[in-house]
>>> print(open('coords-v9.csv').read())   # CSV, C-alpha atoms
chain,number,residue,atom,x,y,z
A,4,MET,CA,-150.6,-48.7,-4.8
A,5,ASN,CA,-147.9,-46.7,-6.7
A,6,LYS,CA,-148.1,-43.0,-6.3
A,7,GLN,CA,-148.3,-41.0,-9.5
A,8,LYS,CA,-145.5,-38.6,-10.4
A,9,VAL,CA,-146.3,-35.0,-9.7
A,10,ILE,CA,-145.3,-32.2,-12.0
A,11,ILE,CA,-145.3,-28.6,-10.9
A,12,TRP,CA,-145.2,-26.5,-14.0
A,13,GLY,CA,-144.1,-23.0,-14.5
A,14,PHE,CA,-143.0,-20.0,-12.4
A,15,LYS,CA,-139.9,-22.0,-11.4
A,16,PRO,CA,-137.4,-20.0,-9.3
A,17,GLU,CA,-134.3,-18.6,-11.1
A,18,ASN,CA,-131.1,-18.9,-9.2
A,19,GLY,CA,-133.2,-19.9,-6.1
A,20,VAL,CA,-135.3,-16.7,-6.2
A,21,LEU,CA,-139.1,-17.2,-6.2
A,22,LYS,CA,-140.8,-15.0,-8.7
A,23,ASN,CA,-144.2,-14.0,-7.6
A,24,THR,CA,-147.2,-15.1,-5.4
A,25,ILE,CA,-147.8,-18.3,-7.5
A,26,SER,CA,-144.1,-19.2,-7.4
A,27,TYR,CA,-144.4,-19.2,-3.6
A,28,VAL,CA,-147.5,-21.3,-3.8
A,29,TRP,CA,-146.0,-23.8,-6.2
A,30,ASN,CA,-142.9,-24.0,-3.9
A,31,SER,CA,-145.2,-24.9,-1.0
A,32,PHE,CA,-147.0,-27.5,-3.1
A,33,TYR,CA,-143.7,-28.9,-4.1
A,34,LEU,CA,-142.5,-29.3,-0.5
A,35,ALA,CA,-145.8,-30.7,0.6
A,36,PHE,CA,-145.8,-33.5,-2.1
A,37,LYS,CA,-142.2,-34.2,-1.0
A,38,TYR,CA,-143.3,-34.4,2.6
A,39,LEU,CA,-145.9,-37.0,1.5
A,40,ASP,CA,-143.2,-39.0,-0.3
A,41,TYR,CA,-144.3,-38.3,-3.8
A,42,ASP,CA,-141.9,-38.2,-6.8
A,43,VAL,CA,-142.3,-34.6,-7.6
A,44,HIS,CA,-140.6,-32.5,-10.3
A,45,TRP,CA,-140.8,-28.7,-10.9
A,46,PHE,CA,-140.2,-27.6,-14.5
A,47,PRO,CA,-140.0,-24.1,-16.0
A,48,ASN,CA,-142.4,-23.2,-18.9
A,49,GLU,CA,-140.0,-24.5,-21.6
A,50,LYS,CA,-140.0,-27.5,-23.9
A,51,ILE,CA,-138.7,-30.5,-22.0
A,52,ASP,CA,-137.2,-33.5,-23.7
A,53,ASN,CA,-136.2,-36.9,-22.3
A,54,PHE,CA,-138.8,-37.0,-19.6
A,55,ASP,CA,-141.8,-39.4,-19.4
A,56,PHE,CA,-144.8,-37.2,-18.7
A,57,SER,CA,-147.4,-40.0,-18.9
A,58,ASN,CA,-149.6,-40.9,-16.0
A,59,CYS,CA,-148.7,-37.7,-14.0
A,60,ILE,CA,-150.5,-35.2,-11.8
A,61,PHE,CA,-149.9,-31.7,-13.2
A,62,ILE,CA,-150.3,-28.5,-11.2
A,63,SER,CA,-150.0,-25.3,-13.3
A,64,GLU,CA,-151.3,-21.8,-13.9
A,65,ALA,CA,-152.6,-20.9,-17.4
A,66,TYR,CA,-150.4,-17.8,-17.6
A,67,ASP,CA,-147.2,-19.9,-17.6
A,68,ASP,CA,-148.1,-23.3,-19.1
A,69,SER,CA,-147.9,-22.7,-22.8
A,70,GLU,CA,-145.2,-25.4,-23.2
A,71,MET,CA,-146.7,-27.8,-20.8
A,72,PRO,CA,-147.2,-31.2,-22.4
A,73,LEU,CA,-150.8,-32.4,-22.6
A,74,ASN,CA,-151.6,-36.1,-22.7
A,75,LYS,CA,-154.6,-38.4,-22.1
A,76,THR,CA,-153.0,-40.4,-19.3
A,77,SER,CA,-152.5,-37.5,-16.9
A,78,VAL,CA,-154.6,-35.3,-14.6
A,79,TYR,CA,-154.3,-31.5,-14.8
A,80,PHE,CA,-155.1,-29.0,-12.0
A,81,VAL,CA,-154.9,-25.6,-13.6
A,82,HIS,CA,-155.2,-22.3,-11.8
A,83,CYS,CA,-156.7,-19.3,-13.6
A,84,ALA,CA,-157.8,-21.5,-16.4
A,85,TYR,CA,-159.4,-18.7,-18.3
A,86,ASP,CA,-159.6,-20.9,-21.5
A,87,PRO,CA,-160.6,-24.4,-20.5
A,88,SER,CA,-160.9,-25.5,-24.2
A,89,ARG,CA,-157.1,-25.7,-24.2
A,90,TYR,CA,-157.3,-28.8,-22.0
A,91,ILE,CA,-160.6,-30.4,-22.3
A,92,GLY,CA,-160.5,-33.4,-24.7
A,93,LYS,CA,-156.7,-33.4,-24.7
A,94,VAL,CA,-156.1,-34.8,-21.2
A,95,LYS,CA,-157.3,-37.6,-19.0
A,96,LYS,CA,-159.0,-35.2,-16.5
A,97,PHE,CA,-159.0,-31.4,-16.3
A,98,ILE,CA,-159.8,-29.7,-13.0
A,99,ASP,CA,-160.1,-25.9,-12.7
A,100,MET,CA,-158.3,-25.0,-9.5
A,101,ARG,CA,-160.1,-21.8,-8.6
A,102,TYR,CA,-159.8,-19.3,-5.8
A,103,ASN,CA,-161.7,-20.0,-2.6
A,104,LEU,CA,-164.0,-16.9,-2.9
A,105,LYS,CA,-167.7,-16.6,-2.4
A,106,LYS,CA,-167.8,-14.6,-5.6
A,107,ILE,CA,-165.6,-13.0,-8.1
A,108,ASP,CA,-165.9,-10.7,-11.2
A,109,HIS,CA,-162.5,-10.7,-12.9
A,110,PRO,CA,-161.1,-11.2,-16.4
A,111,ASN,CA,-160.2,-14.8,-15.6
A,112,TYR,CA,-163.2,-15.7,-13.6
A,113,VAL,CA,-166.8,-14.7,-13.1
A,114,TYR,CA,-168.7,-16.9,-10.6
A,115,GLU,CA,-170.5,-17.2,-7.3
A,116,LEU,CA,-169.8,-20.1,-5.0
A,117,ASP,CA,-172.4,-21.8,-2.8
A,118,LYS,CA,-170.1,-22.9,0.1
A,119,GLU,CA,-172.9,-24.8,1.9
A,120,LYS,CA,-173.4,-27.1,-1.1
A,121,THR,CA,-169.9,-27.6,-2.2
A,122,LYS,CA,-167.7,-27.9,1.0
A,123,MET,CA,-165.4,-30.8,0.9
A,124,ASP,CA,-162.7,-30.0,3.4
A,125,LYS,CA,-161.8,-27.0,5.5
A,126,GLY,CA,-160.5,-24.5,3.0
A,127,CYS,CA,-161.6,-26.5,0.0
A,128,TYR,CA,-164.8,-26.7,-2.0
A,129,TYR,CA,-165.7,-29.0,-4.9
A,130,GLU,CA,-168.1,-28.9,-7.8
A,131,PRO,CA,-168.0,-32.0,-10.0
A,132,SER,CA,-168.8,-31.9,-13.7
A,133,THR,CA,-172.5,-32.2,-14.6
A,134,ASN,CA,-171.4,-34.1,-17.7
A,135,GLN,CA,-173.4,-31.7,-19.7
A,136,THR,CA,-172.6,-28.9,-22.2
A,137,ILE,CA,-172.4,-25.5,-20.5
A,138,ASN,CA,-172.1,-21.9,-21.5
A,139,PHE,CA,-168.7,-20.9,-20.3
A,140,LYS,CA,-168.0,-17.1,-20.2
A,141,ASN,CA,-165.5,-14.8,-18.6
A,142,LYS,CA,-164.0,-11.5,-19.8
A,143,LYS,CA,-161.7,-13.3,-22.2
A,144,VAL,CA,-163.7,-16.1,-23.8
A,145,SER,CA,-167.3,-17.1,-24.4
A,146,TYR,CA,-168.4,-20.5,-25.8
A,147,GLU,CA,-170.2,-23.8,-25.2
A,148,ILE,CA,-168.1,-26.5,-23.8
A,149,GLU,CA,-168.3,-29.9,-22.0
A,150,ASP,CA,-168.6,-29.2,-18.3
A,151,PHE,CA,-165.5,-29.9,-16.0
A,152,ASP,CA,-164.6,-30.3,-12.4
A,153,LYS,CA,-163.9,-27.3,-10.3
A,154,VAL,CA,-162.1,-27.2,-7.0
A,155,TYR,CA,-162.1,-23.9,-5.0
A,156,ILE,CA,-159.1,-23.9,-2.8
A,157,GLY,CA,-157.5,-21.4,-0.4
A,158,TRP,CA,-153.8,-21.2,-0.1
A,159,ALA,CA,-152.2,-22.1,3.3
A,160,THR,CA,-149.3,-21.5,5.6
A,161,ASN,CA,-145.9,-22.1,4.0
A,162,LEU,CA,-144.8,-24.2,7.0
A,163,LEU,CA,-145.1,-28.0,6.9
A,164,PRO,CA,-146.9,-29.6,9.9
A,165,ASN,CA,-143.7,-30.6,11.6
A,166,GLU,CA,-142.4,-27.0,11.3
A,167,ILE,CA,-145.3,-25.5,13.3
A,168,ASN,CA,-144.1,-25.1,16.9
A,169,GLU,CA,-146.4,-24.2,19.9
A,170,GLU,CA,-143.4,-22.5,21.5
A,171,ASP,CA,-143.6,-19.8,18.8
A,172,VAL,CA,-146.6,-18.5,20.7
A,173,TYR,CA,-144.2,-17.3,23.3
A,174,TYR,CA,-141.6,-15.9,20.8
A,175,THR,CA,-139.9,-12.8,22.0
A,176,ARG,CA,-141.4,-10.0,19.9
A,177,SER,CA,-139.9,-6.6,19.2
A,178,ASN,CA,-141.7,-3.3,19.8
A,179,ASN,CA,-142.3,-3.0,16.0
A,180,VAL,CA,-145.1,-4.1,13.7
A,181,TYR,CA,-144.2,-5.1,10.2
A,182,PHE,CA,-146.3,-5.5,7.1
A,183,LEU,CA,-144.6,-7.6,4.4
A,184,GLY,CA,-146.5,-7.9,1.1
A,185,SER,CA,-148.0,-6.3,-1.9
A,186,LEU,CA,-149.1,-2.7,-1.9
A,187,SER,CA,-151.5,-0.8,-4.0
A,188,SER,CA,-152.5,2.8,-3.6
A,189,ASP,CA,-155.4,3.0,-6.1
A,190,GLY,CA,-157.8,0.9,-8.0
A,191,LYS,CA,-159.9,-2.2,-7.0
A,192,TYR,CA,-157.1,-3.6,-4.9
A,193,ALA,CA,-156.0,-0.5,-3.0
A,194,ASN,CA,-154.8,-1.4,0.5
A,195,VAL,CA,-152.2,1.3,1.4
A,196,LYS,CA,-154.7,3.5,3.2
A,197,LEU,CA,-155.9,0.6,5.3
A,198,ILE,CA,-152.3,-0.4,6.2
A,199,GLU,CA,-151.5,3.2,7.1
A,200,GLU,CA,-154.5,3.4,9.4
A,201,PHE,CA,-153.2,0.4,11.3
A,202,GLY,CA,-149.7,1.8,11.3
A,203,ASN,CA,-150.9,5.2,12.6
A,204,GLU,CA,-152.5,3.5,15.7
A,205,CYS,CA,-149.2,1.7,16.3
A,206,LYS,CA,-147.3,5.0,16.2
A,207,LYS,CA,-149.8,6.7,18.5
A,208,ASN,CA,-149.0,3.9,21.0
A,209,ASN,CA,-145.2,4.2,20.7
A,210,ILE,CA,-144.9,1.1,18.6
A,211,GLY,CA,-142.7,1.2,15.5
A,212,PHE,CA,-144.3,0.4,12.2
A,213,GLY,CA,-142.5,-0.8,9.1
A,214,VAL,CA,-143.6,-1.9,5.6
A,215,ASN,CA,-141.7,-4.0,3.0
A,216,SER,CA,-143.1,-4.0,-0.5
A,217,PHE,CA,-142.9,-7.4,-2.2
A,218,VAL,CA,-142.3,-5.8,-5.5
A,219,GLN,CA,-139.5,-3.4,-4.4
A,220,ASN,CA,-137.7,-5.7,-2.0
A,221,GLN,CA,-138.3,-9.3,-2.3
A,222,LEU,CA,-137.5,-11.2,0.9
A,223,SER,CA,-136.3,-14.8,1.2
A,224,GLU,CA,-138.6,-17.3,2.8
A,225,ASP,CA,-136.3,-17.4,5.9
A,226,ASP,CA,-136.2,-13.6,6.2
A,227,TYR,CA,-139.9,-13.3,5.8
A,228,ILE,CA,-140.6,-15.8,8.6
A,229,ARG,CA,-138.0,-14.3,10.9
A,230,ILE,CA,-139.4,-10.7,10.5
A,231,CYS,CA,-142.9,-11.9,10.9
A,232,LYS,CA,-142.1,-13.7,14.1
A,233,GLU,CA,-140.3,-10.6,15.4
A,234,SER,CA,-143.3,-8.4,14.7
A,235,LEU,CA,-145.3,-7.4,17.8
A,236,LEU,CA,-148.5,-8.3,15.9
A,237,GLY,CA,-149.2,-10.3,12.8
A,238,PHE,CA,-152.0,-8.6,11.0
A,239,ASP,CA,-153.7,-8.7,7.7
A,240,VAL,CA,-156.2,-6.1,6.3
A,241,ARG,CA,-158.0,-6.7,3.0
A,242,CYS,CA,-159.0,-4.1,0.5
A,243,GLU,CA,-162.7,-3.4,-0.1
A,244,ASN,CA,-162.8,-5.6,-3.1
A,245,ASP,CA,-161.3,-8.6,-1.2
A,246,VAL,CA,-163.8,-8.1,1.6
A,247,GLU,CA,-166.7,-8.1,-0.8
A,248,TRP,CA,-165.4,-11.3,-2.6
A,249,GLY,CA,-164.5,-13.0,0.7
A,250,ARG,CA,-160.8,-13.6,0.1
A,251,ILE,CA,-159.1,-15.8,2.7
A,252,PRO,CA,-155.4,-14.7,2.5
A,253,CYS,CA,-152.5,-16.9,3.0
A,254,ARG,CA,-151.0,-14.2,5.2
A,255,LEU,CA,-153.5,-14.9,7.9
A,256,TYR,CA,-152.7,-18.7,7.9
A,257,LYS,CA,-149.0,-17.9,7.9
A,258,ASN,CA,-149.2,-15.4,10.8
A,259,MET,CA,-151.1,-17.9,13.0
A,260,SER,CA,-148.7,-20.7,12.2
A,261,TYR,CA,-145.8,-18.5,13.3
A,262,GLY,CA,-147.4,-18.1,16.7
A,263,HIS,CA,-149.3,-14.9,16.2
A,264,LEU,CA,-152.9,-14.0,17.1
A,265,GLY,CA,-154.8,-14.1,13.8
A,266,LEU,CA,-156.1,-10.7,12.8
A,267,THR,CA,-158.4,-9.8,9.9
A,268,ASN,CA,-160.9,-7.3,8.7
A,269,CYS,CA,-162.6,-9.8,6.4
A,270,TYR,CA,-165.6,-11.5,7.9
A,271,GLU,CA,-165.5,-14.4,5.4
A,272,ALA,CA,-161.9,-15.2,6.5
A,273,TYR,CA,-163.0,-15.1,10.2
A,274,LYS,CA,-165.8,-17.6,9.5
A,275,GLU,CA,-163.7,-19.7,7.2
A,276,LEU,CA,-161.2,-20.2,10.1
A,277,ASP,CA,-164.0,-21.1,12.5
A,278,GLU,CA,-163.5,-18.0,14.5
A,279,HIS,CA,-160.0,-19.0,15.6
A,280,CYS,CA,-158.8,-15.5,14.7
A,281,LEU,CA,-159.9,-12.0,15.7
A,282,TYR,CA,-162.2,-9.9,13.4
A,283,ARG,CA,-163.0,-6.2,13.3
A,284,ASP,CA,-164.2,-4.5,10.2
A,285,ASN,CA,-161.7,-1.6,10.3
A,286,PRO,CA,-158.0,-1.3,11.0
A,287,VAL,CA,-158.3,1.0,14.0
A,288,ASP,CA,-160.7,-1.3,15.9
A,289,LEU,CA,-158.6,-4.3,14.8
A,290,PHE,CA,-155.4,-2.8,16.3
A,291,TYR,CA,-157.0,-2.1,19.8
A,292,ALA,CA,-158.7,-5.5,19.9
A,293,ALA,CA,-155.4,-7.1,19.1
A,294,MET,CA,-153.5,-5.2,21.8
A,295,GLU,CA,-156.1,-6.5,24.3
A,296,LYS,CA,-155.9,-10.1,23.1
A,297,LYS,CA,-152.2,-10.4,22.1
A,298,ASP,CA,-151.2,-12.2,25.4
A,299,ASP,CA,-154.1,-14.6,25.4
A,300,TYR,CA,-151.7,-17.5,24.8
A,301,GLU,CA,-154.3,-20.3,25.1
A,302,PHE,CA,-156.4,-18.7,22.4
A,303,ILE,CA,-153.4,-18.1,20.2
A,304,LYS,CA,-152.2,-21.7,20.7
A,305,ASP,CA,-155.6,-23.0,19.8
A,306,GLY,CA,-155.3,-21.0,16.6
A,307,LEU,CA,-151.8,-22.3,15.8
A,308,ASN,CA,-152.9,-25.9,16.3
A,309,TYR,CA,-156.0,-25.3,14.2
A,310,ILE,CA,-153.8,-24.2,11.3
A,311,LYS,CA,-151.5,-27.1,11.8
A,312,GLU,CA,-154.4,-29.6,11.6
A,313,TYR,CA,-156.3,-28.0,8.7
A,314,HIS,CA,-154.5,-25.3,6.8
A,315,THR,CA,-151.1,-26.5,5.6
A,316,TYR,CA,-150.3,-27.4,2.0
A,317,VAL,CA,-150.3,-31.0,3.1
A,318,ASN,CA,-154.0,-30.5,3.8
A,319,ARG,CA,-154.4,-28.9,0.4
A,320,VAL,CA,-152.6,-31.7,-1.4
A,321,GLN,CA,-154.8,-34.3,0.3
A,322,SER,CA,-157.9,-32.4,-0.8
A,323,LEU,CA,-156.7,-32.2,-4.4
A,324,LEU,CA,-156.0,-36.0,-4.4
A,325,LYS,CA,-159.7,-36.7,-3.4
A,326,VAL,CA,-161.0,-35.2,-6.7
A,327,ILE,CA,-158.8,-37.2,-9.1
>>> encode(input="coords-v9.csv", output="structure tokens")
Amino acid sequence: MNKQKVIIWGFKPENGVLKNTISYVWNSFYLAFKYLDYDVHWFPNEKIDNFDFSNCIFISEAYDDSEMPLNKTSVYFVHCAYDPSRYIGKVKKFIDMRYNLKKIDHPNYVYELDKEKTKMDKGCYYEPSTNQTINFKNKKVSYEIEDFDKVYIGWATNLLPNEINEEDVYYTRSNNVYFLGSLSSDGKYANVKLIEEFGNECKKNNIGFGVNSFVQNQLSEDDYIRICKESLLGFDVRCENDVEWGRIPCRLYKNMSYGHLGLTNCYEAYKELDEHCLYRDNPVDLFYAAMEKKDDYEFIKDGLNYIKEYHTYVNRVQSLLKVI
């Protein structure tokens, strides 16, 4: 059976620099499809001539796909598809690629997910179309429309399976802990206070603590991985909103795949990973639990191999292909 061409659309790097979170995600999907020997192309959100876009699998986000060609021979996975009427009736199959959250109340999405009824694979849930007309509503649009397929998918580690190495469990760490990511000091996604609480416990125990803001100083993939591996601990703390919604962060998958003990303050993430990580509901307790467990190499190795088996973008690609 011939494999369909795969089109990654939008948020393409400029001069090799990835632009934002979705740009990193699209890069990982691109590499995973390549790993699986697909003919995959990544286009910027521009008019493209002299390319046959028929019979393809598209992956896009609604905020950067205004120039994406729509045709009735191709399948479209669209993330943050706040206006599905743009695609329905114009393509062979439209699949809303949603966040793996137990609930969300956001301008793009308002939903609750019954994970017991919709689980398809680890990290992936699926609601097929009812083939009925539904009332679709979020904070941008409200109308009646033909129902559509929905796949709820968590992101994953940016390492391919062959790049995940058990020996990284024994990597020589520094006496510093680093947080590399987005920072917010106020509003629904405020996380600075939580990160500072974790950092303060590091300092009390004579461990250095450093923060790199994604917005102020964007790191290359190689530098990100190197610094993460050098960190004494690989931790993630979610803001109150994320804990309530049950966000499973890619940072947790990444840290574990780099050989770290997985650390989270989000119970939903802990359960999603089948308890292969460590959970405490506050940064202070999480720090001390981590210090007690950080040399439990067998537990950490089990976590690394669990990520390798179930939570790479190769896994995510294989899940998406099931719903076509």
>>> residues_around(input="coords-v9.csv", residues="Val94 in chain A", least_positions_apart="2", cutoff="9 Å", atoms="only C-alpha atoms", output="short mmCIF file (atom, residue, chain, number, x, y, z; two decimals) with C-alpha atoms, in the frame of the given file")
data_model
loop_
_atom_site.label_atom_id
_atom_site.label_comp_id
_atom_site.auth_asym_id
_atom_site.auth_seq_id
_atom_site.Cartn_x
_atom_site.Cartn_y
_atom_site.Cartn_z
CA LEU A 73 -150.80 -32.40 -22.60
CA ASN A 74 -151.60 -36.10 -22.70
CA LYS A 75 -154.60 -38.40 -22.10
CA THR A 76 -153.00 -40.40 -19.30
CA SER A 77 -152.50 -37.50 -16.90
CA VAL A 78 -154.60 -35.30 -14.60
CA TYR A 79 -154.30 -31.50 -14.80
CA TYR A 90 -157.30 -28.80 -22.00
CA ILE A 91 -160.60 -30.40 -22.30
CA GLY A 92 -160.50 -33.40 -24.70
CA LYS A 96 -159.00 -35.20 -16.50
CA PHE A 97 -159.00 -31.40 -16.30
#
>>> residues_around(input="coords-v9.csv", residues="Asn308 in chain A", least_positions_apart="4", cutoff="9 Å", atoms="all atoms listed in the file", output="list in words")
Ile167, Asn168, Glu169, Met259, Ser260, Ile303, Lys304, Glu312 and Tyr313 of chain A
>>> atom_distance(input="coords-v9.csv", atom1="CA of Asn48 in chain A", atom2="CA of Leu222 in chain A")
23.7 Å
>>> closest_atom_pairs(input="coords-v9.csv", of="range 98-143 of chain A", to="range 157-166 of chain A", cutoff="10 Å", atoms="all atoms listed in the file", output="tab-separated table")
residue	atom	partner	partner_atom	distance
A:Met100	CA	A:Gly157	CA	9.8
A:Arg101	CA	A:Gly157	CA	8.6
A:Tyr102	CA	A:Gly157	CA	6.2
A:Asn103	CA	A:Gly157	CA	4.9
A:Leu104	CA	A:Gly157	CA	8.3
A:Lys125	CA	A:Gly157	CA	9.2
A:Gly126	CA	A:Gly157	CA	5.5
A:Cys127	CA	A:Gly157	CA	6.6
A:Tyr128	CA	A:Gly157	CA	9.2
>>> closest_atom_pairs(input="coords-v9.csv", of="range 195-234 of chain A", to="range 20-31 of chain A", cutoff="12 Å", atoms="all atoms listed in the file", output="CSV")
residue,atom,partner,partner_atom,distance
A:Phe217,CA,A:Asn23,CA,8.6
A:Val218,CA,A:Asn23,CA,8.7
A:Asn220,CA,A:Lys22,CA,11.9
A:Gln221,CA,A:Leu21,CA,8.8
A:Leu222,CA,A:Val20,CA,9.2
A:Ser223,CA,A:Val20,CA,7.7
A:Glu224,CA,A:Tyr27,CA,8.8
A:Tyr227,CA,A:Tyr27,CA,12.0
>>> residues_around(input="coords-v9.csv", residues="Pro47 in chain A", least_positions_apart="4", cutoff="8 Å", atoms="only C-alpha atoms", output="compact mmCIF listing (two decimals) with C-alpha atoms, in the frame of the given file")
# COMPACT_ATOMS: atom_id res chain seq x y z
CA TRP A 12 -145.20 -26.50 -14.00
CA GLY A 13 -144.10 -23.00 -14.50
CA PHE A 14 -143.00 -20.00 -12.40
CA LYS A 15 -139.90 -22.00 -11.40
>>> residues_around(input="coords-v9.csv", residues="Ile62 in chain A", least_positions_apart="3", cutoff="6 Å", atoms="all atoms listed in the file", output="JSON, numbers by chain")
{"A": [11, 80, 81]}
>>> atom_distance(input="coords-v9.csv", atom1="CA of Glu49 in chain A", atom2="CA of Ser63 in chain A")
13.0 Å
>>> atom_distance(input="coords-v9.csv", atom1="CA of Tyr192 in chain A", atom2="CA of Asn179 in chain A")
25.6 Å
>>> closest_residue(input="coords-v9.csv", among="A:His82, A:Lys106, A:His279, A:Lys122", to="Asn244 in chain A", atoms="all atoms listed in the file")
A:Lys106
>>> closest_residue(input="coords-v9.csv", among="A:Gly184, A:Arg89, A:Asp152, A:Lys118", to="Asn134 in chain A", atoms="all atoms listed in the file")
A:Asp152
>>> closest_residue(input="coords-v9.csv", among="A:Ser234, A:Asn215, A:Asn208, A:Ser177", to="Val195 in chain A", atoms="all atoms listed in the file")
A:Asn215
>>> closest_residue(input="coords-v9.csv", among="A:Gly249, A:Gly237, A:Gly202, A:Pro131", to="Ile98 in chain A", atoms="all atoms listed in the file")
A:Pro131
>>> decode(input="coords-v9.csv", residues="range 89-105 of chain A", atoms="N, CA, C and O atoms", output="PDB file, in the first residue's frame")
ATOM      1  N   ARG A  89     -14.846  26.218   8.339  1.00  0.00           N
ATOM      2  CA  ARG A  89     -13.852  26.521   7.299  1.00  0.00           C
ATOM      3  C   ARG A  89     -13.447  25.260   6.523  1.00  0.00           C
ATOM      4  O   ARG A  89     -13.051  25.350   5.358  1.00  0.00           O
ATOM      5  N   TYR A  90     -13.565  24.099   7.150  1.00  0.00           N
ATOM      6  CA  TYR A  90     -13.065  22.864   6.545  1.00  0.00           C
ATOM      7  C   TYR A  90     -14.186  21.896   6.139  1.00  0.00           C
ATOM      8  O   TYR A  90     -14.078  21.220   5.112  1.00  0.00           O
ATOM      9  N   ILE A  91     -15.216  21.798   6.938  1.00  0.00           N
ATOM     10  CA  ILE A  91     -16.256  20.794   6.708  1.00  0.00           C
ATOM     11  C   ILE A  91     -16.969  21.061   5.383  1.00  0.00           C
ATOM     12  O   ILE A  91     -17.376  22.188   5.100  1.00  0.00           O
ATOM     13  N   GLY A  92     -17.084  20.011   4.580  1.00  0.00           N
ATOM     14  CA  GLY A  92     -17.694  20.125   3.259  1.00  0.00           C
ATOM     15  C   GLY A  92     -16.722  20.512   2.171  1.00  0.00           C
ATOM     16  O   GLY A  92     -17.055  20.445   0.984  1.00  0.00           O
ATOM     17  N   LYS A  93     -15.515  20.899   2.559  1.00  0.00           N
ATOM     18  CA  LYS A  93     -14.509  21.331   1.590  1.00  0.00           C
ATOM     19  C   LYS A  93     -13.359  20.345   1.472  1.00  0.00           C
ATOM     20  O   LYS A  93     -12.485  20.511   0.623  1.00  0.00           O
ATOM     21  N   VAL A  94     -13.318  19.335   2.376  1.00  0.00           N
ATOM     22  CA  VAL A  94     -12.210  18.385   2.410  1.00  0.00           C
ATOM     23  C   VAL A  94     -12.770  16.957   2.494  1.00  0.00           C
ATOM     24  O   VAL A  94     -13.940  16.756   2.808  1.00  0.00           O
ATOM     25  N   LYS A  95     -11.911  15.991   2.232  1.00  0.00           N
ATOM     26  CA  LYS A  95     -12.346  14.602   2.318  1.00  0.00           C
ATOM     27  C   LYS A  95     -12.723  14.244   3.747  1.00  0.00           C
ATOM     28  O   LYS A  95     -13.768  13.626   4.002  1.00  0.00           O
ATOM     29  N   LYS A  96     -11.866  14.628   4.700  1.00  0.00           N
ATOM     30  CA  LYS A  96     -12.144  14.368   6.110  1.00  0.00           C
ATOM     31  C   LYS A  96     -11.447  15.416   6.954  1.00  0.00           C
ATOM     32  O   LYS A  96     -10.252  15.681   6.762  1.00  0.00           O
ATOM     33  N   PHE A  97     -12.207  16.002   7.871  1.00  0.00           N
ATOM     34  CA  PHE A  97     -11.667  16.967   8.816  1.00  0.00           C
ATOM     35  C   PHE A  97     -11.656  16.347  10.200  1.00  0.00           C
ATOM     36  O   PHE A  97     -12.656  15.786  10.656  1.00  0.00           O
ATOM     37  N   ILE A  98     -10.520  16.431  10.889  1.00  0.00           N
ATOM     38  CA  ILE A  98     -10.384  15.897  12.239  1.00  0.00           C
ATOM     39  C   ILE A  98      -9.841  17.011  13.130  1.00  0.00           C
ATOM     40  O   ILE A  98      -8.750  17.541  12.885  1.00  0.00           O
ATOM     41  N   ASP A  99     -10.605  17.369  14.122  1.00  0.00           N
ATOM     42  CA  ASP A  99     -10.191  18.397  15.084  1.00  0.00           C
ATOM     43  C   ASP A  99      -9.171  17.774  16.037  1.00  0.00           C
ATOM     44  O   ASP A  99      -9.494  16.866  16.800  1.00  0.00           O
ATOM     45  N   MET A 100      -7.936  18.241  15.963  1.00  0.00           N
ATOM     46  CA  MET A 100      -6.848  17.698  16.783  1.00  0.00           C
ATOM     47  C   MET A 100      -6.748  18.531  18.061  1.00  0.00           C
ATOM     48  O   MET A 100      -6.096  19.576  18.092  1.00  0.00           O
ATOM     49  N   ARG A 101      -7.397  18.067  19.113  1.00  0.00           N
ATOM     50  CA  ARG A 101      -7.567  18.844  20.335  1.00  0.00           C
ATOM     51  C   ARG A 101      -6.511  18.507  21.383  1.00  0.00           C
ATOM     52  O   ARG A 101      -5.827  17.491  21.298  1.00  0.00           O
ATOM     53  N   TYR A 102      -6.447  19.356  22.399  1.00  0.00           N
ATOM     54  CA  TYR A 102      -5.570  19.093  23.529  1.00  0.00           C
ATOM     55  C   TYR A 102      -6.070  17.887  24.332  1.00  0.00           C
ATOM     56  O   TYR A 102      -7.277  17.683  24.488  1.00  0.00           O
ATOM     57  N   ASN A 103      -5.132  17.126  24.858  1.00  0.00           N
ATOM     58  CA  ASN A 103      -5.470  16.046  25.781  1.00  0.00           C
ATOM     59  C   ASN A 103      -5.689  16.658  27.165  1.00  0.00           C
ATOM     60  O   ASN A 103      -4.792  16.719  27.996  1.00  0.00           O
ATOM     61  N   LEU A 104      -6.909  17.160  27.380  1.00  0.00           N
ATOM     62  CA  LEU A 104      -7.288  17.773  28.643  1.00  0.00           C
ATOM     63  C   LEU A 104      -8.604  17.185  29.097  1.00  0.00           C
ATOM     64  O   LEU A 104      -9.478  16.902  28.275  1.00  0.00           O
ATOM     65  N   LYS A 105      -8.772  17.018  30.401  1.00  0.00           N
ATOM     66  CA  LYS A 105     -10.045  16.497  30.885  1.00  0.00           C
ATOM     67  C   LYS A 105     -11.154  17.529  30.752  1.00  0.00           C
ATOM     68  O   LYS A 105     -12.339  17.175  30.660  1.00  0.00           O
TER      69      LYS A 105
END
